[in-house]
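Raw contents of start_39.txt, compact mmCIF, C-alpha atoms:
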# COMPACT_ATOMS: atom_id res chain seq x y z
CA MET A 1 30.09 31.36 -50.66
CA GLU A 2 29.75 29.18 -47.62
CA VAL A 3 26.31 28.57 -46.21
CA ASP A 4 26.02 27.79 -42.53
CA LEU A 5 23.65 24.84 -42.33
CA GLU A 6 23.95 24.45 -38.56
CA PRO A 7 20.64 25.07 -36.77
CA LYS A 8 20.44 28.36 -34.89
CA VAL A 9 19.26 28.46 -31.31
CA LEU A 10 17.26 31.61 -30.93
CA ASP A 11 17.41 33.47 -27.62
CA THR A 12 13.77 33.87 -26.72
CA SER A 13 14.40 34.69 -23.07
CA SER A 14 12.85 37.82 -21.66
CA MET A 15 12.26 39.34 -18.27
CA THR A 16 8.95 37.48 -18.07
CA GLU A 17 10.89 34.19 -18.25
CA LYS A 18 14.00 35.20 -16.33
CA GLY A 19 14.68 33.05 -13.28
CA TYR A 20 12.10 30.41 -14.28
CA GLU A 21 12.50 27.31 -12.06
CA GLU A 22 15.45 28.92 -10.25
CA PHE A 23 13.53 30.17 -7.24
CA GLY A 24 10.99 28.84 -4.79
CA CYS A 25 10.91 26.21 -2.07
CA SER A 26 9.96 22.57 -1.58
CA HIS A 27 6.28 23.53 -1.74
CA TYR A 28 6.16 25.87 -4.77
CA ARG A 29 8.43 26.87 -7.65
CA ARG A 30 7.91 30.60 -8.19
CA ARG A 31 9.73 33.88 -8.35
CA CYS A 32 8.39 35.62 -5.29
CA LYS A 33 8.30 35.42 -1.52
CA ILE A 34 5.62 36.49 0.92
CA ARG A 35 5.53 38.84 3.87
CA ALA A 36 3.51 37.24 6.63
CA PRO A 37 1.17 39.92 8.04
CA CYS A 38 0.96 38.13 11.40
CA CYS A 39 4.65 38.45 12.30
CA ASP A 40 5.88 40.80 9.54
CA GLU A 41 8.56 38.30 8.45
CA ILE A 42 9.51 37.09 4.97
CA PHE A 43 9.14 33.46 3.88
CA ASP A 44 9.14 31.53 0.61
CA CYS A 45 5.47 30.55 1.13
CA ARG A 46 2.85 30.19 3.84
CA HIS A 47 3.77 26.53 4.39
CA CYS A 48 7.36 27.55 5.09
CA HIS A 49 6.03 30.11 7.56
CA ASN A 50 3.77 27.59 9.29
CA ASP A 51 6.55 24.99 9.52
CA ALA A 52 8.92 27.52 11.02
CA LYS A 53 6.44 29.05 13.44
CA ASN A 54 5.14 25.70 14.71
CA SER A 55 8.46 23.95 15.27
CA ILE A 56 9.40 22.57 18.67
CA GLU A 57 11.96 25.37 19.06
CA ILE A 58 9.16 27.95 19.20
CA ASP A 59 7.49 28.76 22.49
CA PRO A 60 4.02 27.14 22.46
CA PHE A 61 2.42 30.50 23.20
CA ASP A 62 4.09 32.05 20.13
CA ARG A 63 3.20 29.30 17.65
CA HIS A 64 0.78 30.33 14.93
CA GLU A 65 -0.20 29.95 11.28
CA VAL A 66 -0.84 32.57 8.64
CA PRO A 67 -4.29 32.54 7.01
CA ARG A 68 -3.74 32.31 3.27
CA HIS A 69 -6.19 35.10 2.43
CA ASP A 70 -4.43 37.52 4.78
CA ILE A 71 -1.34 37.56 2.56
CA LYS A 72 -1.47 40.75 0.51
CA ARG A 73 2.14 41.61 -0.33
CA VAL A 74 4.77 39.63 -2.21
CA ILE A 75 8.47 40.24 -2.75
CA CYS A 76 10.11 39.67 -6.13
CA SER A 77 12.89 37.08 -5.84
CA LEU A 78 14.93 38.85 -8.56
CA CYS A 79 14.79 42.52 -7.61
CA ASP A 80 13.62 42.23 -3.96
CA ARG A 81 10.90 44.83 -4.46
CA GLU A 82 7.83 44.41 -2.29
CA GLN A 83 4.58 44.90 -4.15
CA ASP A 84 1.39 43.27 -5.43
CA HIS A 85 2.91 42.31 -8.82
CA CYS A 86 6.43 42.94 -10.10
CA ILE A 87 6.05 46.24 -11.89
CA ASN A 88 9.70 47.06 -11.18
CA CYS A 89 11.54 44.44 -13.27
CA GLY A 90 8.63 42.89 -15.17
CA VAL A 91 9.35 39.34 -14.00
CA CYS A 92 6.49 36.86 -14.13
CA MET A 93 6.28 35.65 -10.55
CA GLY A 94 4.30 32.56 -11.50
CA LYS A 95 2.64 31.13 -14.61
CA TYR A 96 -0.41 30.39 -12.49
CA PHE A 97 -1.90 33.29 -10.59
CA CYS A 98 -5.10 33.47 -8.56
CA SER A 99 -6.19 37.00 -7.73
CA LYS A 100 -8.63 35.71 -5.07
CA CYS A 101 -5.92 33.90 -3.12
CA ASN A 102 -3.06 36.16 -4.24
CA PHE A 103 -1.26 32.93 -5.08
CA PHE A 104 1.55 32.32 -7.59
CA ASP A 105 2.99 29.04 -8.88
CA ASN A 106 5.21 28.22 -11.85
CA ASP A 107 4.40 24.51 -12.02
CA VAL A 108 1.22 24.54 -14.07
CA SER A 109 1.42 20.74 -14.52
CA LYS A 110 -0.47 20.59 -11.21
CA LYS A 111 -3.53 21.92 -13.10
CA GLN A 112 -4.38 24.44 -10.40
CA TYR A 113 -7.86 25.91 -10.23
CA HIS A 114 -9.78 28.09 -7.82
CA CYS A 115 -12.89 26.59 -6.23
CA ASP A 116 -15.34 29.26 -5.12
CA GLY A 117 -17.15 26.74 -2.91
CA CYS A 118 -13.97 25.88 -1.00
CA GLY A 119 -12.68 29.43 -1.25
CA ILE A 120 -9.16 28.23 -2.05
CA CYS A 121 -7.07 26.96 -4.96
CA ARG A 122 -6.84 23.23 -5.54
CA ILE A 123 -4.92 21.03 -7.98
CA GLY A 124 -5.93 18.34 -10.46
CA GLY A 125 -7.97 20.33 -12.99
CA ALA A 126 -11.42 21.83 -12.48
CA GLU A 127 -12.88 19.46 -15.07
CA ASN A 128 -11.94 16.45 -12.91
CA PHE A 129 -13.55 17.58 -9.66
CA PHE A 130 -16.90 18.77 -8.32
CA HIS A 131 -17.71 20.69 -5.17
CA CYS A 132 -20.16 19.00 -2.78
CA ASP A 133 -22.00 21.69 -0.85
CA LYS A 134 -22.94 19.37 2.03
CA CYS A 135 -19.45 17.91 2.44
CA GLY A 136 -18.00 21.38 1.86
CA CYS A 137 -15.10 20.19 -0.29
CA CYS A 138 -14.06 19.01 -3.76
CA TYR A 139 -14.25 15.36 -4.78
CA SER A 140 -13.32 13.44 -7.91
CA MET A 141 -16.00 13.33 -10.61
CA MET A 142 -15.95 9.54 -10.26
CA MET A 143 -17.59 9.98 -6.83
CA LYS A 144 -20.27 12.44 -7.88
CA ASN A 145 -23.20 10.02 -7.72
CA SER A 146 -21.80 7.46 -5.31
CA HIS A 147 -20.16 9.08 -2.29
CA ASN A 148 -21.77 9.19 1.16
CA CYS A 149 -22.20 12.80 2.21
CA VAL A 150 -20.79 13.80 5.58
CA GLU A 151 -21.37 17.41 6.55
CA LYS A 152 -18.11 19.38 6.40
CA ALA A 153 -16.26 16.13 5.72
CA MET A 154 -12.80 17.70 5.51
CA HIS A 155 -13.23 20.59 7.95
CA HIS A 156 -11.52 18.70 10.74
CA ASN A 157 -8.21 17.08 11.64
CA CYS A 158 -7.11 13.73 10.26
CA ALA A 159 -8.16 11.11 12.83
CA VAL A 160 -4.70 9.51 12.67
CA CYS A 161 -2.08 12.29 12.41
CA PHE A 162 -4.34 15.19 13.52
CA GLU A 163 -3.32 17.47 10.64
CA PHE A 164 -6.12 19.74 9.39
CA LEU A 165 -7.48 18.12 6.24
CA PHE A 166 -9.24 20.94 4.41
CA ASP A 167 -6.12 22.65 3.12
CA THR A 168 -3.57 19.85 3.47
CA THR A 169 -1.05 19.35 0.67
CA LYS A 170 -1.07 15.56 1.17
CA GLU A 171 -3.27 13.08 -0.71
CA ILE A 172 -6.65 12.41 0.88
CA THR A 173 -8.92 9.41 0.45
CA VAL A 174 -12.63 9.10 1.21
CA LEU A 175 -13.59 5.93 3.05
CA PRO A 176 -16.82 4.08 2.13
CA CYS A 177 -18.47 5.50 5.26
CA GLY A 178 -17.83 9.03 3.94
CA HIS A 179 -15.14 10.07 6.40
CA THR A 180 -11.92 11.52 5.01
CA ILE A 181 -8.37 10.70 5.98
CA HIS A 182 -4.86 11.02 4.59
CA LEU A 183 -4.09 8.27 2.11
CA GLU A 184 -0.72 7.62 3.76
CA CYS A 185 -2.45 7.34 7.14
CA VAL A 186 -4.77 4.66 5.74
CA ARG A 187 -1.77 2.75 4.41
CA GLU A 188 -0.08 3.05 7.79
CA MET A 189 -3.19 1.62 9.45
CA GLU A 190 -3.20 -1.28 7.00
CA ARG A 191 0.45 -1.99 7.79
CA HIS A 192 -0.65 -2.40 11.41
CA SER A 193 -3.67 -4.60 10.48
CA GLN A 194 -6.21 -1.87 11.24
CA TYR A 195 -9.06 -1.95 8.73
CA SER A 196 -11.82 0.12 10.32
CA CYS A 197 -12.52 3.84 10.14
CA PRO A 198 -10.95 5.60 13.15
CA VAL A 199 -14.01 7.87 13.35
CA CYS A 200 -17.01 5.51 13.12
CA SER A 201 -15.29 2.08 13.27
CA LYS A 202 -16.90 0.80 10.06
CA SER A 203 -14.75 -1.55 7.97
CA PHE A 204 -13.26 0.29 5.00
CA CYS A 205 -12.24 -2.72 2.87
CA ASP A 206 -13.50 -6.18 1.96
CA MET A 207 -13.13 -8.27 5.12
CA THR A 208 -14.70 -11.49 3.76
CA GLN A 209 -11.53 -13.55 4.05
CA VAL A 210 -10.89 -12.29 7.59
CA TRP A 211 -14.41 -13.18 8.69
CA GLU A 212 -14.05 -16.66 7.15
CA ARG A 213 -10.82 -17.19 9.11
CA LEU A 214 -12.55 -16.10 12.31
CA ASP A 215 -15.38 -18.53 11.54
CA ARG A 216 -12.81 -21.33 11.54
CA ASP A 217 -11.16 -20.03 14.72
CA VAL A 218 -14.50 -19.88 16.55
CA ALA A 219 -15.46 -23.37 15.36
CA SER A 220 -12.13 -24.85 16.48
CA THR A 221 -12.03 -23.15 19.90
CA GLY A 222 -14.07 -24.88 22.56
CA MET A 223 -15.66 -22.92 25.38
CA PRO A 224 -15.47 -23.91 29.07
CA GLN A 225 -18.68 -25.23 30.59
CA ILE A 226 -19.21 -22.04 32.59
CA TYR A 227 -19.39 -19.95 29.39
CA GLN A 228 -21.45 -22.28 27.24
CA ASN A 229 -24.86 -20.90 26.22
CA ARG A 230 -24.04 -17.57 27.86
CA ARG A 231 -25.82 -14.80 25.94
CA VAL A 232 -24.57 -11.23 25.47
CA TRP A 233 -25.64 -8.18 23.51
CA ILE A 234 -23.38 -6.76 20.82
CA LEU A 235 -23.35 -3.72 18.56
CA CYS A 236 -22.15 -4.26 14.99
CA ASN A 237 -19.93 -1.41 13.82
CA ASP A 238 -20.61 -2.27 10.16
CA CYS A 239 -24.41 -2.47 9.98
CA GLY A 240 -25.21 -0.63 13.22
CA GLU A 241 -27.58 -3.32 14.54
CA ASN A 242 -27.81 -4.58 18.12
CA SER A 243 -28.09 -8.34 18.56
CA GLU A 244 -28.11 -10.98 21.28
CA VAL A 245 -25.59 -13.75 20.59
CA ASN A 246 -23.67 -16.53 22.29
CA PHE A 247 -20.52 -15.27 23.93
CA HIS A 248 -17.19 -16.56 22.61
CA PHE A 249 -13.61 -15.86 23.64
CA VAL A 250 -12.46 -15.35 20.03
CA ALA A 251 -15.09 -12.89 18.76
CA GLN A 252 -18.80 -12.20 18.48
CA LYS A 253 -20.36 -12.48 15.02
CA CYS A 254 -23.17 -10.20 13.89
CA PRO A 255 -26.14 -12.38 12.83
CA ILE A 256 -27.39 -9.61 10.53
CA CYS A 257 -24.40 -8.96 8.25
CA SER A 258 -21.97 -11.72 9.37
CA SER A 259 -19.33 -9.18 10.42
CA TYR A 260 -17.03 -9.72 13.37
CA ASN A 261 -16.46 -5.97 13.67
CA THR A 262 -18.57 -5.90 16.84
CA LYS A 263 -18.35 -4.79 20.44
CA LEU A 264 -20.03 -6.00 23.59
CA THR A 265 -22.72 -3.67 24.93
CA ARG A 266 -24.62 -5.69 27.56
CA GLY A 267 -24.22 -8.98 29.39
CA ARG A 268 -22.08 -10.20 32.26
CA ILE A 269 -19.41 -12.67 31.21
CA ALA A 270 -18.69 -14.18 34.63
CA THR A 271 -19.09 -13.18 38.26
CA GLY A 272 -16.28 -10.87 39.33
CA SER A 273 -14.82 -10.51 35.82
CA SER A 274 -14.81 -7.48 33.62
CA GLU A 275 -16.71 -7.32 30.35
CA ILE A 276 -14.78 -8.44 27.31
CA MET A 277 -15.16 -6.18 24.32
CA LYS A 278 -14.00 -7.41 20.95
CA THR A 279 -13.52 -5.01 18.06
CA VAL A 280 -11.87 -6.00 14.84
Would you kindly transcribe this structure into structure tokens?
Amino acid sequence: MEVDLEPKVLDTSSMTEKGYEEFGCSHYRRRCKIRAPCCDEIFDCRHCHNDAKNSIEIDPFDRHEVPRHDIKRVICSLCDREQDHCINCGVCMGKYFCSKCNFFDNDVSKKQYHCDGCGICRIGGAENFFHCDKCGCCYSMMMKNSHNCVEKAMHHNCAVCFEFLFDTTKEITVLPCGHTIHLECVREMERHSQYSCPVCSKSFCDMTQVWERLDRDVASTGMPQIYQNRRVWILCNDCGENSEVNFHFVAQKCPICSSYNTKLTRGRIATGSSEIMKTV
């Protein structure tokens, strides 16, 4: 009697697993589509709707976005039945489901969770984030006792690309001043030698080496007789103090915190000339 020693692969597939990872879009992998209540059209997800309805081909007066909480009906990608959940074919539309947002997603590696404070679903795991009531958004636990609170910190557009930050799908970073911005936008600023917050102008990284270089530049650059001992008032963007200092073509240094991230506020430079404002 021959015994088959080859391992058997058991077919454990069922309708709840059928079509897994076969449907979805670039934003979400799931087995359902949405009907947008604003225009009564079908899309893979709300981001697909917003991209389509805000493209340059659309008349500016017809451009719009769909509020996520207005979506009430979904369409099964396998049987095309429109419903709340797929009671027709029994397919699991998404391994993650939020009844408050009516949101499905198959990729649970994102560690989705619903934040009641934000009122939306976020990713990264609820155990790794806390909701700041003053800032009105979720931050990493590592920032819980150290971040500077800014009221409704993410309820505005990114100061660089002007995309609304609160529900963006891109990575966000919090600058030392407390203002929020897309991480890629910060990197783009750094590539163009911009190191101050576009909202408040405070330096967002260690500028010690830059200030030391400017010290050398100021020391090695002589001033014409007409400008020597000319005093001007400056505002320091880093410490917020106003100071009276000697004017220099290269830059004005804050005597309080030694920063060159300053701007001229008062003081005529020369008769008939415009004021020179220097901001690092």
Seminar exercise, completed: Correct to one decimal, the distance CA of Ser259 in chain A-CA of His147 in chain A is 22.3 Å
Problem set entry | A:Val150, A:Leu165, A:Tyr139, A:Met189 ranked by distance to Cys177 in chain A, top pick (using all atoms listed in the file) |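 The shortest atom-to-atom distance to Cys177 in chain A comes from A:Val150.
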Problem set entry | Who sits within 12 Å of range 58-65 of chain A, all atoms listed in the file, same chain under 6 positions skipped, as a ChimeraX atom specification | /A:36-39,45-52,71,164
What would the file look like if the residues just selected were written as a tab-separated table (two decimals), in the frame of the given file with C-alpha atoms?
chain	number	residue	atom	x	y	z
A	36	ALA	CA	3.51	37.24	6.63
A	37	PRO	CA	1.17	39.92	8.04
A	38	CYS	CA	0.96	38.13	11.40
A	39	CYS	CA	4.65	38.45	12.30
A	45	CYS	CA	5.47	30.55	1.13
A	46	ARG	CA	2.85	30.19	3.84
A	47	HIS	CA	3.77	26.53	4.39
A	48	CYS	CA	7.36	27.55	5.09
A	49	HIS	CA	6.03	30.11	7.56
A	50	ASN	CA	3.77	27.59	9.29
A	51	ASP	CA	6.55	24.99	9.52
A	52	ALA	CA	8.92	27.52	11.02
A	71	ILE	CA	-1.34	37.56	2.56
A	164	PHE	CA	-6.12	19.74	9.39
For this session: Please provide the set of residues having any atom within 12 Å of Cys197 in chain A, restricted to only C-alpha atoms, with same-chain residues fewer than 5 positions apart removed, written as a list in words.
Result: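 Residues near the query, excluding close chain neighbours: Cys158, Ala159, Val160, Thr173, Val174, Leu175, Pro176, Cys177, Gly178, His179, Thr180, Ile181, His182, Cys185, Val186, Met189, Glu190, Lys202, Ser203, Phe204, Cys205, Asn237, Asp238, Asn261, Thr279 and Val280 of chain A.
In this comparison, which uses only C-alpha atoms, the residue of A:Glu212, A:Asp206, A:Glu127, A:Asp70 approaching Asn102 in chain A most closely is A:Asp70.
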Find the axis-aligned box for range 178-187 of chain A, covering all its listed atoms and adding 6 Å on each side, and write its centre and edge lengths in Å to one decimal as lines of an AutoDock Vina configuration file.
center_x = -9.3
center_y = 7.1
center_z = 4.6
size_x = 29.1
size_y = 20.8
size_z = 17.0
Around the point (-13.8, 24.0, 5.2), in the coordinates given by the file, pick out the residues reaching within 9 Å, counting only C-alpha atoms, and return them as a tab-separated table (two decimals) with C-alpha atoms, keeping the file's coordinate frame.
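Okay, result15.tsv is ready:
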chain	number	residue	atom	x	y	z
A	118	CYS	CA	-13.97	25.88	-1.00
A	119	GLY	CA	-12.68	29.43	-1.25
A	135	CYS	CA	-19.45	17.91	2.44
A	136	GLY	CA	-18.00	21.38	1.86
A	137	CYS	CA	-15.10	20.19	-0.29
A	152	LYS	CA	-18.11	19.38	6.40
A	153	ALA	CA	-16.26	16.13	5.72
A	154	MET	CA	-12.80	17.70	5.51
A	155	HIS	CA	-13.23	20.59	7.95
A	156	HIS	CA	-11.52	18.70	10.74
A	165	LEU	CA	-7.48	18.12	6.24
A	166	PHE	CA	-9.24	20.94	4.41
A	167	ASP	CA	-6.12	22.65	3.12
For this session: Write out as a ChimeraX atom specification the residues lying within 6 Å of Ile123 in chain A, counting all atoms listed in the file and excluding same-chain residues fewer than 3 positions away.
Result: /A:110-112
